[in-house]
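Each remark here refers to the structure printed beneath this line.
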Amino acid sequence: MQLRAFSNPTSPFERLDSASAQMVFQHGFVQAQARVSNVWEAETVLRRNKAMQELGTWLKQLPADWGKSLLTCTPADLVVCLESHWLSQHASTTLPNGSIIASPSGVSQCLSNCSTGFKLIGRVGNWNPLDSSGDPVGSTLITQSARATDWKPGEQATVGRFSSAHAR
């Protein structure tokens, strides 16, 4: 069966039979998937998937009765994951005082990858703390925490990246 072009210029929408409608949907989804697959470079997709998998795995290690997953992740969950896991696992930048931290650009990239990942699983829009909906990366807590990762080479101050527990 071939897809029909709109044949009636005064009424472009004709009622489709079930088989034709199914074919239109299958074709539409295949085309959309092909278009989406060309939006991002393969390396970007790998980094995003890795960031989301790492966060998802961290959330799964929490008590089951907490009900934590990528679909229920809050900004607080994300900050605690970054503090307790991600920053130490991805530490590669040595500061003049000898501290080894995750680079600010690495934190920024992780948050960007997570934000896109959340959008792709339906967590779209600004974070809404009233109903815990939207993209948790877009919250004020994450925005303020991300600013705390900024540092200047040569700085000797000991202040928090996401909390006061880490030197920068």
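So you can find residues: chains in the structure tokens are A, B, ... in the order shown, residues in each start at 1, and ligands are numbered from 1 in order.
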
Problem set entry | Residues within 12 Å of segment 109-118 of chain A, only C-alpha atoms, excluding chain neighbours under 6 positions, as a PyMOL selection string | chain A and resi 40+43-56+69-75+78-79+81-82+86-87+90+102-103+124-127+133-139+142-143+145-147+149

Could you write out the selected residues, including N, CA and C atoms, as a CSV table (one decimal), in the first residue's frame?
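Output below, filename again_19.csv:
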chain,number,residue,atom,x,y,z
A,40,TRP,N,21.9,14.8,16.8
A,40,TRP,CA,23.0,14.8,17.6
A,40,TRP,C,24.1,13.9,17.1
A,43,GLU,N,28.8,10.8,19.5
A,43,GLU,CA,29.5,11.0,20.8
A,43,GLU,C,28.6,11.7,21.8
A,44,THR,N,27.9,12.7,21.4
A,44,THR,CA,26.9,13.4,22.2
A,44,THR,C,25.9,12.5,22.8
A,45,VAL,N,25.3,11.7,22.0
A,45,VAL,CA,24.3,10.7,22.4
A,45,VAL,C,24.9,9.8,23.4
A,46,LEU,N,26.2,9.3,23.2
A,46,LEU,CA,26.8,8.4,24.2
A,46,LEU,C,27.0,9.1,25.5
A,47,ARG,N,27.5,10.3,25.5
A,47,ARG,CA,27.7,11.1,26.8
A,47,ARG,C,26.4,11.3,27.5
A,48,ARG,N,25.4,11.7,26.8
A,48,ARG,CA,24.1,11.9,27.4
A,48,ARG,C,23.5,10.6,28.0
A,49,ASN,N,23.6,9.5,27.2
A,49,ASN,CA,23.1,8.2,27.8
A,49,ASN,C,23.9,7.8,29.0
A,50,LYS,N,25.2,8.0,29.0
A,50,LYS,CA,26.1,7.6,30.1
A,50,LYS,C,25.7,8.4,31.3
A,51,ALA,N,25.5,9.7,31.2
A,51,ALA,CA,25.1,10.6,32.3
A,51,ALA,C,23.8,10.1,32.9
A,52,MET,N,22.8,9.9,32.0
A,52,MET,CA,21.5,9.5,32.5
A,52,MET,C,21.6,8.1,33.1
A,53,GLN,N,22.3,7.2,32.6
A,53,GLN,CA,22.5,5.8,33.1
A,53,GLN,C,23.1,5.9,34.5
A,54,GLU,N,24.2,6.7,34.6
A,54,GLU,CA,24.9,6.9,35.9
A,54,GLU,C,23.9,7.4,37.0
A,55,LEU,N,23.1,8.4,36.6
A,55,LEU,CA,22.2,9.0,37.6
A,55,LEU,C,21.1,8.0,37.9
A,56,GLY,N,20.6,7.3,36.9
A,56,GLY,CA,19.6,6.3,37.1
A,56,GLY,C,20.1,5.1,38.0
A,69,SER,N,13.6,7.3,40.7
A,69,SER,CA,13.9,6.9,39.4
A,69,SER,C,14.2,8.2,38.6
A,70,LEU,N,14.5,8.0,37.3
A,70,LEU,CA,14.7,9.2,36.5
A,70,LEU,C,13.4,9.9,36.3
A,71,LEU,N,12.3,9.2,36.4
A,71,LEU,CA,10.9,9.9,36.3
A,71,LEU,C,10.5,10.6,37.5
A,72,THR,N,11.2,10.3,38.7
A,72,THR,CA,10.8,11.0,39.9
A,72,THR,C,11.9,11.8,40.5
A,73,CYS,N,13.0,11.9,39.8
A,73,CYS,CA,14.2,12.6,40.3
A,73,CYS,C,13.9,14.1,40.5
A,74,THR,N,14.3,14.6,41.7
A,74,THR,CA,14.2,16.0,42.0
A,74,THR,C,15.5,16.7,42.0
A,75,PRO,N,15.5,18.0,42.0
A,75,PRO,CA,16.8,18.7,42.1
A,75,PRO,C,17.6,18.3,43.3
A,78,LEU,N,19.4,15.2,42.5
A,78,LEU,CA,20.5,15.4,41.5
A,78,LEU,C,21.7,16.0,42.3
A,79,VAL,N,21.5,17.0,43.1
A,79,VAL,CA,22.6,17.6,43.9
A,79,VAL,C,23.3,16.6,44.8
A,81,CYS,N,23.4,13.3,44.3
A,81,CYS,CA,24.1,12.4,43.4
A,81,CYS,C,25.4,13.0,43.0
A,82,LEU,N,25.4,14.3,42.6
A,82,LEU,CA,26.6,15.0,42.2
A,82,LEU,C,27.6,15.0,43.3
A,86,TRP,N,29.1,11.7,41.7
A,86,TRP,CA,29.6,12.1,40.4
A,86,TRP,C,30.9,12.9,40.5
A,87,LEU,N,31.0,13.9,41.5
A,87,LEU,CA,32.2,14.7,41.6
A,87,LEU,C,33.4,13.9,41.9
A,90,HIS,N,34.5,11.6,38.8
A,90,HIS,CA,35.0,12.4,37.6
A,90,HIS,C,36.0,13.4,37.9
A,102,ALA,N,36.3,17.6,40.0
A,102,ALA,CA,35.7,17.5,38.7
A,102,ALA,C,35.7,18.9,38.1
A,103,SER,N,36.0,19.1,36.8
A,103,SER,CA,36.2,20.4,36.3
A,103,SER,C,34.8,21.1,36.2
A,124,VAL,N,9.6,17.8,30.7
A,124,VAL,CA,9.8,19.0,29.9
A,124,VAL,C,9.3,20.2,30.8
A,125,GLY,N,9.8,21.4,30.4
A,125,GLY,CA,9.3,22.6,31.1
A,125,GLY,C,10.2,22.9,32.3
A,126,ASN,N,9.9,24.0,32.9
A,126,ASN,CA,10.6,24.5,34.1
A,126,ASN,C,10.2,23.5,35.2
A,127,TRP,N,11.2,23.4,36.2
A,127,TRP,CA,10.9,22.6,37.3
A,127,TRP,C,9.8,23.2,38.2
A,133,SER,N,7.2,18.4,38.9
A,133,SER,CA,7.2,18.1,37.5
A,133,SER,C,8.2,19.0,36.8
A,134,GLY,N,8.5,18.6,35.5
A,134,GLY,CA,9.5,19.4,34.7
A,134,GLY,C,10.9,18.9,34.9
A,135,ASP,N,11.8,19.6,34.3
A,135,ASP,CA,13.2,19.3,34.2
A,135,ASP,C,13.9,19.7,35.5
A,136,PRO,N,14.4,18.8,36.4
A,136,PRO,CA,15.0,19.2,37.6
A,136,PRO,C,16.3,20.0,37.4
A,137,VAL,N,16.9,19.8,36.3
A,137,VAL,CA,18.2,20.6,36.0
A,137,VAL,C,17.8,22.1,35.9
A,138,GLY,N,16.6,22.4,35.5
A,138,GLY,CA,16.3,23.8,35.4
A,138,GLY,C,15.8,24.5,36.7
A,139,SER,N,16.0,23.8,37.8
A,139,SER,CA,15.6,24.4,39.1
A,139,SER,C,16.6,25.4,39.6
A,142,ILE,N,19.7,23.8,41.3
A,142,ILE,CA,20.8,23.4,40.4
A,142,ILE,C,21.5,24.6,39.8
A,143,THR,N,20.8,25.6,39.4
A,143,THR,CA,21.4,26.8,38.9
A,143,THR,C,22.4,27.4,39.8
A,145,SER,N,23.8,25.9,42.5
A,145,SER,CA,24.8,24.9,42.7
A,145,SER,C,25.8,24.9,41.6
A,146,ALA,N,25.4,25.0,40.4
A,146,ALA,CA,26.3,25.0,39.2
A,146,ALA,C,27.2,26.2,39.3
A,147,ARG,N,26.7,27.4,39.7
A,147,ARG,CA,27.5,28.6,39.8
A,147,ARG,C,28.6,28.4,40.8
A,149,THR,N,30.4,26.0,41.1
A,149,THR,CA,31.5,25.2,40.5
A,149,THR,C,32.5,26.1,39.8

Exercise. Hey, what does DSSP flag as alpha helix (DSSP H) within segment 64-150 of chain A? Can you give it to me as a PyMOL selection string?
Worked result: chain A and resi 75-81+87-89+104-120+140-147

Take the selection from the previous step and output its residues with N, CA and C atoms, as an mmCIF file, in the first residue's frame.
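Saved file out.cif follows:
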data_model
loop_
_atom_site.group_PDB
_atom_site.id
_atom_site.type_symbol
_atom_site.label_atom_id
_atom_site.label_comp_id
_atom_site.auth_asym_id
_atom_site.auth_seq_id
_atom_site.Cartn_x
_atom_site.Cartn_y
_atom_site.Cartn_z
ATOM 1 N N PRO A 75 15.495 18.012 42.048
ATOM 2 C CA PRO A 75 16.767 18.733 42.103
ATOM 3 C C PRO A 75 17.625 18.300 43.296
ATOM 4 N N ALA A 76 16.999 18.041 44.445
ATOM 5 C CA ALA A 76 17.761 17.595 45.621
ATOM 6 C C ALA A 76 18.440 16.257 45.341
ATOM 7 N N ASP A 77 17.725 15.338 44.682
ATOM 8 C CA ASP A 77 18.328 14.047 44.323
ATOM 9 C C ASP A 77 19.555 14.266 43.446
ATOM 10 N N LEU A 78 19.420 15.151 42.487
ATOM 11 C CA LEU A 78 20.506 15.408 41.544
ATOM 12 C C LEU A 78 21.718 16.017 42.252
ATOM 13 N N VAL A 79 21.485 16.970 43.145
ATOM 14 C CA VAL A 79 22.590 17.589 43.883
ATOM 15 C C VAL A 79 23.296 16.558 44.754
ATOM 16 N N VAL A 80 22.524 15.722 45.449
ATOM 17 C CA VAL A 80 23.136 14.713 46.316
ATOM 18 C C VAL A 80 23.921 13.703 45.481
ATOM 19 N N CYS A 81 23.400 13.313 44.332
ATOM 20 C CA CYS A 81 24.139 12.407 43.449
ATOM 21 C C CYS A 81 25.447 13.040 42.994
ATOM 22 N N LEU A 87 30.993 13.893 41.451
ATOM 23 C CA LEU A 87 32.178 14.743 41.562
ATOM 24 C C LEU A 87 33.437 13.938 41.871
ATOM 25 N N SER A 88 33.314 12.948 42.733
ATOM 26 C CA SER A 88 34.506 12.152 43.067
ATOM 27 C C SER A 88 34.859 11.170 41.949
ATOM 28 N N GLN A 89 33.860 10.651 41.254
ATOM 29 C CA GLN A 89 34.112 9.695 40.172
ATOM 30 C C GLN A 89 34.712 10.360 38.936
ATOM 31 N N PRO A 104 34.749 22.394 36.294
ATOM 32 C CA PRO A 104 33.489 23.102 36.132
ATOM 33 C C PRO A 104 32.830 22.817 34.785
ATOM 34 N N SER A 105 33.639 22.700 33.734
ATOM 35 C CA SER A 105 33.050 22.413 32.422
ATOM 36 C C SER A 105 32.492 20.990 32.382
ATOM 37 N N GLY A 106 33.104 20.069 33.117
ATOM 38 C CA GLY A 106 32.587 18.710 33.197
ATOM 39 C C GLY A 106 31.246 18.667 33.906
ATOM 40 N N VAL A 107 31.130 19.431 35.003
ATOM 41 C CA VAL A 107 29.857 19.513 35.726
ATOM 42 C C VAL A 107 28.797 20.107 34.820
ATOM 43 N N SER A 108 29.165 21.182 34.127
ATOM 44 C CA SER A 108 28.223 21.847 33.214
ATOM 45 C C SER A 108 27.767 20.891 32.116
ATOM 46 N N GLN A 109 28.703 20.137 31.551
ATOM 47 C CA GLN A 109 28.362 19.181 30.497
ATOM 48 C C GLN A 109 27.453 18.078 31.034
ATOM 49 N N CYS A 110 27.741 17.592 32.240
ATOM 50 C CA CYS A 110 26.908 16.561 32.859
ATOM 51 C C CYS A 110 25.481 17.082 33.030
ATOM 52 N N LEU A 111 25.343 18.290 33.551
ATOM 53 C CA LEU A 111 24.013 18.862 33.763
ATOM 54 C C LEU A 111 23.290 19.085 32.442
ATOM 55 N N SER A 112 24.010 19.527 31.425
ATOM 56 C CA SER A 112 23.404 19.718 30.109
ATOM 57 C C SER A 112 22.919 18.389 29.533
ATOM 58 N N ASN A 113 23.758 17.359 29.653
ATOM 59 C CA ASN A 113 23.360 16.036 29.166
ATOM 60 C C ASN A 113 22.138 15.519 29.917
ATOM 61 N N CYS A 114 22.114 15.713 31.229
ATOM 62 C CA CYS A 114 20.958 15.274 32.019
ATOM 63 C C CYS A 114 19.708 16.056 31.635
ATOM 64 N N SER A 115 19.852 17.349 31.427
ATOM 65 C CA SER A 115 18.697 18.164 31.056
ATOM 66 C C SER A 115 18.076 17.672 29.753
ATOM 67 N N THR A 116 18.910 17.420 28.761
ATOM 68 C CA THR A 116 18.397 16.888 27.493
ATOM 69 C C THR A 116 17.787 15.508 27.705
ATOM 70 N N GLY A 117 18.454 14.685 28.510
ATOM 71 C CA GLY A 117 17.934 13.357 28.808
ATOM 72 C C GLY A 117 16.565 13.421 29.472
ATOM 73 N N PHE A 118 16.401 14.330 30.427
ATOM 74 C CA PHE A 118 15.096 14.481 31.086
ATOM 75 C C PHE A 118 14.021 14.900 30.082
ATOM 76 N N LYS A 119 14.375 15.810 29.198
ATOM 77 C CA LYS A 119 13.398 16.247 28.191
ATOM 78 C C LYS A 119 12.989 15.082 27.285
ATOM 79 N N LEU A 120 13.955 14.245 26.936
ATOM 80 C CA LEU A 120 13.668 13.112 26.052
ATOM 81 C C LEU A 120 12.783 12.046 26.701
ATOM 82 N N THR A 140 16.132 26.283 40.499
ATOM 83 C CA THR A 140 16.992 27.286 41.122
ATOM 84 C C THR A 140 18.118 26.613 41.902
ATOM 85 N N LEU A 141 17.827 25.519 42.591
ATOM 86 C CA LEU A 141 18.848 24.806 43.354
ATOM 87 C C LEU A 141 20.007 24.379 42.466
ATOM 88 N N ILE A 142 19.705 23.811 41.310
ATOM 89 C CA ILE A 142 20.767 23.360 40.398
ATOM 90 C C ILE A 142 21.492 24.556 39.803
ATOM 91 N N THR A 143 20.762 25.582 39.422
ATOM 92 C CA THR A 143 21.393 26.781 38.856
ATOM 93 C C THR A 143 22.384 27.385 39.846
ATOM 94 N N GLN A 144 21.962 27.526 41.098
ATOM 95 C CA GLN A 144 22.855 28.086 42.114
ATOM 96 C C GLN A 144 24.013 27.153 42.409
ATOM 97 N N SER A 145 23.758 25.862 42.457
ATOM 98 C CA SER A 145 24.821 24.898 42.720
ATOM 99 C C SER A 145 25.846 24.889 41.598
ATOM 100 N N ALA A 146 25.375 25.000 40.363
ATOM 101 C CA ALA A 146 26.293 25.006 39.220
ATOM 102 C C ALA A 146 27.186 26.237 39.252
ATOM 103 N N ARG A 147 26.651 27.359 39.690
ATOM 104 C CA ARG A 147 27.478 28.571 39.807
ATOM 105 C C ARG A 147 28.603 28.365 40.807
#

For this session: From a DSSP calculation on the backbone, collect every residue of segment 4-165 of chain A in strand (DSSP E or B) and output the set as a list in words.
Result: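 Reading the DSSP output for segment 4-165 of chain A, strand (DSSP E or B) covers Thr93, Thr94, Ile100, Ile101, Asn128 and Ser133 of chain A.
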
Exercise. Quick one: of A:Arg35, A:His85, A:Pro96, A:Ala42, who's nearest to Leu59 of chain A, counting only C-alpha atoms?
Worked result: A:His85
